[in-house]
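Asker: Can you read through this structure? Questions will come right after.
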Amino acid sequence: MKKLKYILPALVVAVMSCSKTQEGPIYKSNSDDNKEIHFIQSSVEKEFSADLTEGIIDVIIARPGNKGSYTVHLLNRGKDSGLFTMPDTVTIPDGEYSVVVPVSVDLTRIVMGGSVKTVLYIRERDAYLGDNSAYVSQYTDKIDLSASFELTWEPYYRTGADGEKIRQTATFRYNAFYTGRTSGLEVDKAAGANIFRVNDWASGVGFKFILKEDNTCVVPAQSIGYFNSNYNEYVQVSDMAVYQGDDSMYKSYPCIYDGNGTFSFYLIYYVSEGYFARGEETLTFDSDADTTPLMAIEFDGEEVTDTGFKAPRLSFYMNQYVKSYKATVVAGDITSDEAALARVRSQLADGMNPGPYPVLTKYGDYSDIWSVPGGNFTAVALAYDESGEPCNLFCTRFTFDPDGKYMPAAVDFGFYRDDSGLYSEYTSLLWHIQTVNVVSMKYLCIRTDIYDYLLKANRNMSLADFVASNGNSVSAEILAAANEDGFTTAFSNLAEGLEYTLAVVMFNEFGDAAVEVRNASTLGHVADDFDKTKTMEDFLGAFRANAIVRETGATATTSSNVNYRIDIYRQNASQVIINGMSDMRDFTPELVGYYDEELHAIVVGTQPCGKYRDYYAYLGMSDGFSTYWGGCDLAIGYIGDTLYWLSAPGSSGNVYQYQFLLFNSEQPSGNSYTRESVGSKSYSNVRMLPFAMVSSSADVPACVKALEYGGQRFDSYICE
């Protein structure tokens with residue numbers, strides 16, 4: 001039964017079927033655009049034999065008349081435009097109503113089961129040619145092209161418990177673009193290939209995926225069957241590696257088969273302008289009913305008995321295939337000790353008591369308090385099946401701590417700005433902690449908006465596991481100090497005027513965890529703080545710039561304070577040339593800025609920076625979370641004797657760092673962005689001093705390391 005919930009109510013949905021050759025409105029001579037030069041289809045999809053390396057898609061351009069030779073200029077733009085080759089210009093000959101444009105497709109880059117796509121545009125037409133000619137439209141006509149390999153689908157069968165062949169069905173659990181689940185989906189398999197299709201997956205379309213020999217999977221790009229009129233294209237889905245075009249993404253976003261009927265896919269739903277949602281979703285092949293006796297044991301905390309003593313409460317739950325079970329408690333943690341677990345199971349099955357605590361025989365769910373001293377214990381239960389035979393042993397560890405001797409805790413915790421003057425309140429925050437019963441500790445210091453984003457993206461993890469997985473370990477010296485009188489340290493080189501979250505997870509000797517979370521904000525300069533007495537003359541000359549330069553390498557990210565020279569020259573009465581915004585010797589772009597008389601500041605915006613090697617460089621800006629190549633400006637103004645680079649009023653984002661982004665085309669776009677920057681560097685916390693005022697100073701390493709998630713790297717700060 002389907003239980004599918006849509007989570008994008010504003011989405012405009014239209015369902016259309018796709019043929020193997022073409023689809024779209026056909027030109028009609030009596031329509032409103034009967035003088036329009038146009039493609040006769042709105043889209044063409046073509047499948048090719050799997051043994052081909054190149055294919056041809058014929059596209060037809062038509063006009064209502066046939067007088068005169070008529071030239072049409074074409075433009076190829078799309079996600080996979082580099083795989084499609086076509087002439088830039090075609091001509092409809094005199095006496096002809098149309099012309100066929102052959103579009104060549106490189107099939108070597110197509111993943112079996114997937115497709116490659118592009119969009120062709122009529123970008124320019126001839127003017128009037130006399131009677132019965134066409135005219136230039138106010139809009140640009142376009143056609144969507146798609147190429148894929150031809151697959152022959154066959155019903156997929158499994159063998160039932162009685163040896164009979166049964167049509168394989170599956171259950172899909174949605175967690176990104178949709179929420180909910182759909183059950184009873186029939187499964188097909190491509191002839192001669194390990195490619196599967198789940199039919200009627202969403203909006204009548206199938207969901208294709210490839211299973212490899214090592215039980216990893218590939219989800220090729222494919223339509224989900226919904227047409228988004230806001231972007232005038234179908235929403236697509238694929239795995240992250242296919243979306244990014246980088247197989248290394250499977251390390252962070254795996255698509256795997258567990259070998260027992262369940263596939264886990266990390267999927268992203270997108271159009272050419274960006275993505276809507278992403279997350280892990282699962283597909284489970286349906287099988288015969290599982291009659292395995294199963295149990296669950298839960299530690300429900302401590303309770304005070306009628307006689308005034310504290311005792312732990314344990315609850316035991318069984319499924320319908322458990323006839324009875326034996327329950328008891330043993331000292332210590334044996335959950336990972338296979339030999340100890342086997343010994344306890346054998347003792348219970350033989351009617352022996354594995355420890356000093358009673359063995360209870362139960363025939364249903366059971367919950368009660370147990371009389372045990374404080375310490376580390378394992379609750380166990382041996383299940384018996386319908387025939388009375390002993391089956392699996394189930395267990396769970398718990399700590400009973402009636403006197404507070406074992407559980408980890410922070411008895412004093414602070415995260416705050418320093419008002420003593422030792423650390424800058426604009427770029428530093430202090431952390432103080434005093435603990436008890438802690439043998440190991442990890443911490444995560446990161447911007448609050450990024451912390452919230454990561455926490456939501458990892459919502460299937462407990463808070464303790466999230467911090468432990470992403471956090472930094474404290475040293476033995478710090479841990480010893482924390483367990484005695486406490487210790488205080490600082491996080492430096494933070495961004496100004498932002499809120500940060502410090503999350504700390506503490507573990508005791510038994511592995512119990514406790515988490516503390518605090519928020520604090522740095523002070524921030526703003527453009528209103530600029531010295532209003534400064535004129536354009538004060539901004540001309542040579543300056544020593546100091547910035548935190550973050551450099552992302554193949555395996556690690558480094559961050560340090562760097563000095564470099566910036567020169568500002570007058571270009572005319574209001575514009576200036578800014579030279580030296582990069583500390584790299586092989587890249588010294590000249591950028592244009594202007595003097596803003598109201599701000600009393602130099603304003604520099606996103607702009608092209610010429611070529612860098614084989615790419616087009618573009619000055620981009622970031623708020624540390626999103627990257628912008630339009631709509632943002634940095635304002636350079638005096639506060640005291642120092643020039644500060646701050647987000648200019650009216651910017652799309654609260655930007656405070658810049659980098660030189662690299663694109664595959666001269667016009668920057670989401671499709672042409674390489675997700676790389678010149679030198680893999682970004683520049684933040686930029687300050688400048690006129691060279692006449694500069695004193696010698698040593699560079700101090702910034703206490704920052706990279707935290708990677710979703711193909712992005714975020715700054716995680718390390719305490720001093």
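Chain lettering (A, B, ...) mirrors the order of the structure tokens, residue numbering begins at 1 for each chain separately, and ligand numbering begins at 1 in order of display.
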Write out as a compact mmCIF listing (two decimals) with N, CA and C atoms, in the first residue's frame all residues of stretch 392-523 of chain A that backbone DSSP assigns to strand (DSSP E).
Answerer:
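Saved file selection.txt follows:
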# COMPACT_ATOMS: atom_id res chain seq x y z
N ASN A 392 18.42 -17.28 20.18
CA ASN A 392 19.46 -16.26 20.36
C ASN A 392 19.44 -15.69 21.77
N LEU A 393 20.62 -15.22 22.19
CA LEU A 393 20.76 -14.49 23.44
C LEU A 393 20.78 -13.00 23.12
N PHE A 394 19.92 -12.23 23.78
CA PHE A 394 19.85 -10.79 23.58
C PHE A 394 20.40 -10.08 24.81
N CYS A 395 21.03 -8.89 24.59
CA CYS A 395 21.66 -8.22 25.74
C CYS A 395 21.68 -6.71 25.54
N THR A 396 21.83 -5.99 26.65
CA THR A 396 22.06 -4.56 26.63
C THR A 396 22.84 -4.17 27.88
N ARG A 397 23.75 -3.21 27.72
CA ARG A 397 24.58 -2.76 28.84
C ARG A 397 23.92 -1.57 29.53
N PHE A 398 24.11 -1.46 30.84
CA PHE A 398 23.61 -0.28 31.56
C PHE A 398 24.51 0.00 32.75
N THR A 399 24.50 1.23 33.18
CA THR A 399 25.24 1.65 34.38
C THR A 399 24.25 2.09 35.44
N PHE A 400 24.35 1.50 36.60
CA PHE A 400 23.53 1.89 37.74
C PHE A 400 24.40 2.76 38.65
N ALA A 409 29.99 14.05 33.96
CA ALA A 409 29.23 15.29 34.08
C ALA A 409 30.17 16.49 34.07
N ALA A 410 29.64 17.63 33.64
CA ALA A 410 30.33 18.91 33.72
C ALA A 410 29.74 19.68 34.89
N VAL A 411 30.51 19.86 35.94
CA VAL A 411 30.01 20.59 37.11
C VAL A 411 30.14 22.09 36.91
N ASP A 412 30.95 22.50 35.94
CA ASP A 412 31.08 23.93 35.61
C ASP A 412 31.39 24.03 34.13
N PHE A 413 30.64 24.85 33.41
CA PHE A 413 30.80 24.95 31.96
C PHE A 413 30.51 26.38 31.52
N GLY A 414 31.43 26.99 30.79
CA GLY A 414 31.24 28.35 30.28
C GLY A 414 31.79 28.50 28.88
N PHE A 415 31.09 29.28 28.07
CA PHE A 415 31.51 29.61 26.71
C PHE A 415 31.16 31.08 26.51
N TYR A 416 32.18 31.96 26.38
CA TYR A 416 31.90 33.38 26.53
C TYR A 416 33.02 34.22 25.91
N LEU A 429 36.67 33.46 21.51
CA LEU A 429 35.73 33.06 22.55
C LEU A 429 36.46 32.11 23.49
N LEU A 430 36.15 32.21 24.78
CA LEU A 430 36.79 31.37 25.79
C LEU A 430 35.88 30.22 26.19
N TRP A 431 36.52 29.13 26.59
CA TRP A 431 35.82 27.93 27.06
C TRP A 431 36.41 27.52 28.41
N HIS A 432 35.52 27.36 29.39
CA HIS A 432 35.92 26.86 30.71
C HIS A 432 35.07 25.65 31.05
N ILE A 433 35.72 24.60 31.55
CA ILE A 433 34.98 23.40 31.93
C ILE A 433 35.66 22.71 33.10
N GLN A 434 34.84 22.19 34.01
CA GLN A 434 35.30 21.33 35.10
C GLN A 434 34.41 20.10 35.11
N THR A 435 35.02 18.90 35.17
CA THR A 435 34.28 17.66 34.99
C THR A 435 34.52 16.69 36.14
N VAL A 436 33.66 15.67 36.19
CA VAL A 436 33.86 14.54 37.11
C VAL A 436 33.56 13.26 36.34
N SER A 440 37.40 10.34 28.79
CA SER A 440 37.69 10.85 27.45
C SER A 440 36.65 11.91 27.10
N MET A 441 37.03 12.82 26.22
CA MET A 441 36.14 13.93 25.91
C MET A 441 36.45 14.43 24.50
N LYS A 442 35.41 14.78 23.76
CA LYS A 442 35.54 15.41 22.46
C LYS A 442 34.70 16.68 22.42
N TYR A 443 35.14 17.62 21.59
CA TYR A 443 34.41 18.88 21.49
C TYR A 443 34.31 19.30 20.02
N LEU A 444 33.28 20.09 19.73
CA LEU A 444 33.06 20.62 18.39
C LEU A 444 32.69 22.09 18.53
N CYS A 445 33.52 22.97 17.99
CA CYS A 445 33.25 24.41 17.98
C CYS A 445 33.07 24.84 16.54
N ILE A 446 31.88 25.35 16.21
CA ILE A 446 31.55 25.66 14.83
C ILE A 446 30.44 26.70 14.82
N ARG A 447 30.30 27.40 13.72
CA ARG A 447 29.23 28.39 13.62
C ARG A 447 27.88 27.76 13.88
N ASN A 472 36.76 17.06 18.05
CA ASN A 472 38.19 16.95 18.29
C ASN A 472 38.42 16.37 19.68
N SER A 473 39.41 15.51 19.82
CA SER A 473 39.74 14.92 21.11
C SER A 473 40.58 15.90 21.93
N PHE A 487 39.73 23.72 33.51
CA PHE A 487 40.69 24.42 32.66
C PHE A 487 39.95 25.42 31.79
N THR A 488 40.71 26.42 31.32
CA THR A 488 40.17 27.47 30.46
C THR A 488 41.05 27.59 29.24
N THR A 489 40.45 27.71 28.08
CA THR A 489 41.19 27.85 26.84
C THR A 489 40.42 28.78 25.91
N ALA A 490 41.00 29.05 24.73
CA ALA A 490 40.40 30.01 23.81
C ALA A 490 40.27 29.41 22.42
N PHE A 491 39.23 29.86 21.71
CA PHE A 491 39.09 29.62 20.27
C PHE A 491 39.35 30.95 19.58
N GLU A 499 27.46 33.98 15.74
CA GLU A 499 27.23 33.08 16.87
C GLU A 499 27.86 31.73 16.59
N TYR A 500 28.50 31.17 17.62
CA TYR A 500 29.15 29.87 17.54
C TYR A 500 28.55 28.93 18.57
N THR A 501 28.58 27.64 18.24
CA THR A 501 28.11 26.60 19.15
C THR A 501 29.30 25.75 19.57
N LEU A 502 29.41 25.50 20.88
CA LEU A 502 30.40 24.59 21.42
C LEU A 502 29.65 23.40 22.01
N ALA A 503 29.87 22.22 21.42
CA ALA A 503 29.24 20.99 21.90
C ALA A 503 30.33 20.06 22.41
N VAL A 504 30.13 19.52 23.61
CA VAL A 504 31.14 18.67 24.24
C VAL A 504 30.48 17.37 24.65
N VAL A 505 31.10 16.23 24.29
CA VAL A 505 30.63 14.92 24.73
C VAL A 505 31.69 14.33 25.65
N MET A 506 31.24 13.83 26.82
CA MET A 506 32.13 13.27 27.84
C MET A 506 31.77 11.81 28.07
N PHE A 507 32.79 10.96 28.23
CA PHE A 507 32.59 9.53 28.43
C PHE A 507 33.22 9.09 29.74
N ALA A 513 27.78 8.30 28.04
CA ALA A 513 28.07 9.62 27.47
C ALA A 513 27.16 10.68 28.06
N ALA A 514 27.70 11.89 28.21
CA ALA A 514 26.93 13.07 28.58
C ALA A 514 27.34 14.20 27.65
N VAL A 515 26.37 15.01 27.21
CA VAL A 515 26.64 16.07 26.25
C VAL A 515 26.25 17.42 26.84
N GLU A 516 27.10 18.42 26.66
CA GLU A 516 26.81 19.80 27.03
C GLU A 516 26.95 20.67 25.79
N VAL A 517 26.01 21.60 25.60
CA VAL A 517 26.02 22.48 24.43
C VAL A 517 25.82 23.92 24.89
N ARG A 518 26.67 24.83 24.41
CA ARG A 518 26.55 26.25 24.74
C ARG A 518 26.72 27.08 23.47
N ASN A 519 26.12 28.27 23.47
CA ASN A 519 26.26 29.22 22.36
C ASN A 519 26.88 30.52 22.87
N ALA A 520 27.67 31.17 22.02
CA ALA A 520 28.24 32.48 22.34
C ALA A 520 28.53 33.19 21.03
N SER A 521 28.61 34.51 21.09
CA SER A 521 28.80 35.32 19.88
C SER A 521 30.01 36.23 20.02
Asker: Which residues, written as a PDB file with N, CA and C atoms, in the first residue's frame, have at least one atom at most 12 Å from A:Leu454, with only C-alpha atoms counted and residues fewer than 2 positions away on the same chain left out?
Answerer:
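Written file, around.pdb:
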ATOM      1  N   LEU A 444      33.282  20.089  19.732  1.00  0.00           N
ATOM      2  CA  LEU A 444      33.060  20.623  18.392  1.00  0.00           C
ATOM      3  C   LEU A 444      32.695  22.085  18.532  1.00  0.00           C
ATOM      4  N   ILE A 446      31.884  25.346  16.215  1.00  0.00           N
ATOM      5  CA  ILE A 446      31.553  25.656  14.827  1.00  0.00           C
ATOM      6  C   ILE A 446      30.440  26.703  14.817  1.00  0.00           C
ATOM      7  N   ARG A 447      30.298  27.402  13.720  1.00  0.00           N
ATOM      8  CA  ARG A 447      29.234  28.392  13.623  1.00  0.00           C
ATOM      9  C   ARG A 447      27.876  27.759  13.880  1.00  0.00           C
ATOM     10  N   THR A 448      27.005  28.484  14.556  1.00  0.00           N
ATOM     11  CA  THR A 448      25.721  27.916  14.971  1.00  0.00           C
ATOM     12  C   THR A 448      24.865  27.511  13.783  1.00  0.00           C
ATOM     13  N   ASP A 449      24.832  28.323  12.723  1.00  0.00           N
ATOM     14  CA  ASP A 449      23.993  27.952  11.574  1.00  0.00           C
ATOM     15  C   ASP A 449      24.518  26.693  10.893  1.00  0.00           C
ATOM     16  N   ILE A 450      25.848  26.530  10.852  1.00  0.00           N
ATOM     17  CA  ILE A 450      26.414  25.311  10.274  1.00  0.00           C
ATOM     18  C   ILE A 450      26.155  24.125  11.198  1.00  0.00           C
ATOM     19  N   TYR A 451      26.289  24.336  12.517  1.00  0.00           N
ATOM     20  CA  TYR A 451      25.995  23.272  13.481  1.00  0.00           C
ATOM     21  C   TYR A 451      24.556  22.786  13.322  1.00  0.00           C
ATOM     22  N   ASP A 452      23.611  23.722  13.212  1.00  0.00           N
ATOM     23  CA  ASP A 452      22.199  23.340  13.054  1.00  0.00           C
ATOM     24  C   ASP A 452      21.983  22.573  11.755  1.00  0.00           C
ATOM     25  N   LYS A 456      20.838  18.610  11.658  1.00  0.00           N
ATOM     26  CA  LYS A 456      19.631  18.190  10.947  1.00  0.00           C
ATOM     27  C   LYS A 456      19.962  17.138   9.896  1.00  0.00           C
ATOM     28  N   ALA A 457      21.079  17.331   9.187  1.00  0.00           N
ATOM     29  CA  ALA A 457      21.466  16.371   8.154  1.00  0.00           C
ATOM     30  C   ALA A 457      21.829  15.017   8.747  1.00  0.00           C
ATOM     31  N   ASN A 458      22.293  15.006  10.014  1.00  0.00           N
ATOM     32  CA  ASN A 458      22.662  13.755  10.694  1.00  0.00           C
ATOM     33  C   ASN A 458      21.642  13.399  11.770  1.00  0.00           C
ATOM     34  N   ARG A 459      20.369  13.672  11.496  1.00  0.00           N
ATOM     35  CA  ARG A 459      19.338  13.504  12.516  1.00  0.00           C
ATOM     36  C   ARG A 459      19.147  12.055  12.938  1.00  0.00           C
ATOM     37  N   ASN A 460      19.664  11.120  12.146  1.00  0.00           N
ATOM     38  CA  ASN A 460      19.550   9.718  12.540  1.00  0.00           C
ATOM     39  C   ASN A 460      20.579   9.321  13.586  1.00  0.00           C
ATOM     40  N   MET A 461      21.529  10.205  13.871  1.00  0.00           N
ATOM     41  CA  MET A 461      22.539   9.947  14.889  1.00  0.00           C
ATOM     42  C   MET A 461      22.113  10.587  16.202  1.00  0.00           C
ATOM     43  N   LEU A 463      22.898  12.766  19.595  1.00  0.00           N
ATOM     44  CA  LEU A 463      23.733  13.948  19.753  1.00  0.00           C
ATOM     45  C   LEU A 463      25.145  13.559  20.188  1.00  0.00           C
ATOM     46  N   PHE A 466      26.962  12.198  17.194  1.00  0.00           N
ATOM     47  CA  PHE A 466      27.247  13.281  16.243  1.00  0.00           C
ATOM     48  C   PHE A 466      28.492  14.058  16.669  1.00  0.00           C
ATOM     49  N   VAL A 467      28.555  14.436  17.959  1.00  0.00           N
ATOM     50  CA  VAL A 467      29.716  15.194  18.439  1.00  0.00           C
ATOM     51  C   VAL A 467      30.966  14.316  18.428  1.00  0.00           C
ATOM     52  N   SER A 469      31.643  11.841  16.457  1.00  0.00           N
ATOM     53  CA  SER A 469      32.078  11.561  15.085  1.00  0.00           C
ATOM     54  C   SER A 469      32.755  12.755  14.441  1.00  0.00           C
ATOM     55  N   ASN A 470      32.312  13.965  14.789  1.00  0.00           N
ATOM     56  CA  ASN A 470      32.808  15.164  14.124  1.00  0.00           C
ATOM     57  C   ASN A 470      33.740  16.010  14.978  1.00  0.00           C
ATOM     58  N   THR A 501      28.581  27.644  18.236  1.00  0.00           N
ATOM     59  CA  THR A 501      28.113  26.599  19.145  1.00  0.00           C
ATOM     60  C   THR A 501      29.303  25.748  19.570  1.00  0.00           C
ATOM     61  N   PHE A 625      29.141  29.786   4.589  1.00  0.00           N
ATOM     62  CA  PHE A 625      28.183  28.687   4.418  1.00  0.00           C
ATOM     63  C   PHE A 625      27.769  28.570   2.958  1.00  0.00           C
ATOM     64  N   LEU A 707      35.939  20.336   8.629  1.00  0.00           N
ATOM     65  CA  LEU A 707      34.903  19.337   8.872  1.00  0.00           C
ATOM     66  C   LEU A 707      34.132  19.202   7.567  1.00  0.00           C
ATOM     67  N   GLU A 708      34.144  18.010   6.968  1.00  0.00           N
ATOM     68  CA  GLU A 708      33.571  17.825   5.646  1.00  0.00           C
ATOM     69  C   GLU A 708      32.227  17.143   5.722  1.00  0.00           C
ATOM     70  N   TYR A 709      31.267  17.692   4.977  1.00  0.00           N
ATOM     71  CA  TYR A 709      29.950  17.055   4.865  1.00  0.00           C
ATOM     72  C   TYR A 709      29.278  17.561   3.597  1.00  0.00           C
ATOM     73  N   GLY A 710      28.659  16.656   2.869  1.00  0.00           N
ATOM     74  CA  GLY A 710      27.881  17.034   1.694  1.00  0.00           C
ATOM     75  C   GLY A 710      28.699  17.668   0.596  1.00  0.00           C
ATOM     76  N   GLN A 712      31.036  19.724   1.011  1.00  0.00           N
ATOM     77  CA  GLN A 712      31.530  21.005   1.472  1.00  0.00           C
ATOM     78  C   GLN A 712      32.438  20.811   2.678  1.00  0.00           C
ATOM     79  N   ARG A 713      33.328  21.766   2.889  1.00  0.00           N
ATOM     80  CA  ARG A 713      34.199  21.747   4.056  1.00  0.00           C
ATOM     81  C   ARG A 713      33.929  22.985   4.888  1.00  0.00           C
ATOM     82  N   PHE A 714      33.701  22.765   6.180  1.00  0.00           N
ATOM     83  CA  PHE A 714      33.394  23.842   7.090  1.00  0.00           C
ATOM     84  C   PHE A 714      34.522  23.990   8.112  1.00  0.00           C
TER      85      PHE A 714
END
Asker: For atom CA of A:Asn483 and atom CA of A:Gly301, quote the distance in Å rounded to one decimal.
Answerer: 25.2 Å
Asker: Excluding stretch 374-389 of chain A and residues on its chain fewer than 3 positions from it, collect all residues at most 9 Å away from it, counting only C-alpha atoms, and give them as a ChimeraX atom specification.
Answerer: /A:292-299,311,314,316,318,321-335,344-345,348-349,392-403,405-406,510
Asker: Can you work out which one of A:Glu484, A:Glu666, A:Asp58, A:Asp290 has the shortest atom-to-atom distance to A:Val44, counting only C-alpha atoms?
Answerer: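 Result for the nearest residue to A:Val44: A:Asp58.
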Asker: Considering only C-alpha atoms, return as a list in words whatever protein or nucleic-acid residues lie within 10 Å of A:Met584, sequence-local ones (same chain, fewer than 2 positions apart) excluded.
Answerer: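 That gives Tyr564, Gly580, Met581, Ser582, Asp586, Phe587, Thr588, Val678, Gly679 and Lys681 of chain A.
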Asker: Between atom CA of A:Glu233 and atom CA of A:Lys79, what distance in Å does the model show, to one decimal?
Answerer: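 Calculated distance between atom CA of A:Glu233 and atom CA of A:Lys79 is 12.2 Å.
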Asker: Please list as a compact mmCIF listing (two decimals) with N, CA and C atoms, in the first residue's frame every residue within 8 Å of A:Ile57, counting only C-alpha atoms and excluding residues in the same chain fewer than 6 positions away.
Answerer:
# COMPACT_ATOMS: atom_id res chain seq x y z
N LYS A 46 16.36 9.82 -27.12
CA LYS A 46 16.71 8.74 -28.04
C LYS A 46 17.57 7.72 -27.32
N PRO A 102 21.78 17.68 -37.53
CA PRO A 102 22.30 16.48 -36.86
C PRO A 102 23.10 16.86 -35.61
N VAL A 103 22.75 16.27 -34.49
CA VAL A 103 23.45 16.51 -33.23
C VAL A 103 24.16 15.22 -32.85
N SER A 104 25.49 15.29 -32.76
CA SER A 104 26.29 14.10 -32.43
C SER A 104 26.41 13.98 -30.91
N VAL A 105 26.31 12.73 -30.41
CA VAL A 105 26.37 12.47 -28.97
C VAL A 105 27.53 11.52 -28.67
Asker: Env of stretch 423-426 of chain A: 6 Å cut, atoms = only C-alpha atoms, seq-sep filter 2 positions within chain, self excluded. Answer as a PyMOL selection string.
Answerer: chain A and resi 417-418+421+428+496+522-524
Asker: With N, CA and C atoms retained, could you export that selection as a compact mmCIF listing (two decimals), in the first residue's frame?
Answerer:
# COMPACT_ATOMS: atom_id res chain seq x y z
N ARG A 417 32.73 35.52 25.73
CA ARG A 417 33.74 36.47 25.28
C ARG A 417 34.62 36.88 26.46
N ASP A 418 35.87 37.19 26.16
CA ASP A 418 36.83 37.60 27.18
C ASP A 418 36.82 39.12 27.29
N GLY A 421 40.81 41.74 28.01
CA GLY A 421 41.73 42.37 27.08
C GLY A 421 42.82 41.45 26.59
N SER A 428 37.65 36.05 19.20
CA SER A 428 37.95 34.96 20.12
C SER A 428 36.79 34.71 21.08
N GLU A 496 33.95 37.79 12.83
CA GLU A 496 33.33 38.81 13.67
C GLU A 496 31.80 38.75 13.59
N THR A 522 30.72 36.43 18.93
CA THR A 522 31.78 37.42 18.88
C THR A 522 31.17 38.80 18.61
N LEU A 523 31.88 39.84 19.01
CA LEU A 523 31.47 41.18 18.63
C LEU A 523 31.74 41.38 17.14
N GLY A 524 31.05 42.33 16.54
CA GLY A 524 31.24 42.53 15.11
C GLY A 524 31.27 43.99 14.72
Asker: Excluding A:Tyr266 and its own-chain neighbours fewer than 3 positions away, which residues fall within 10 Å of it when counting only C-alpha atoms? Please give them as a PyMOL selection string.
Answerer: chain A and resi 175-176+219+238-241+250+252-256+278-282
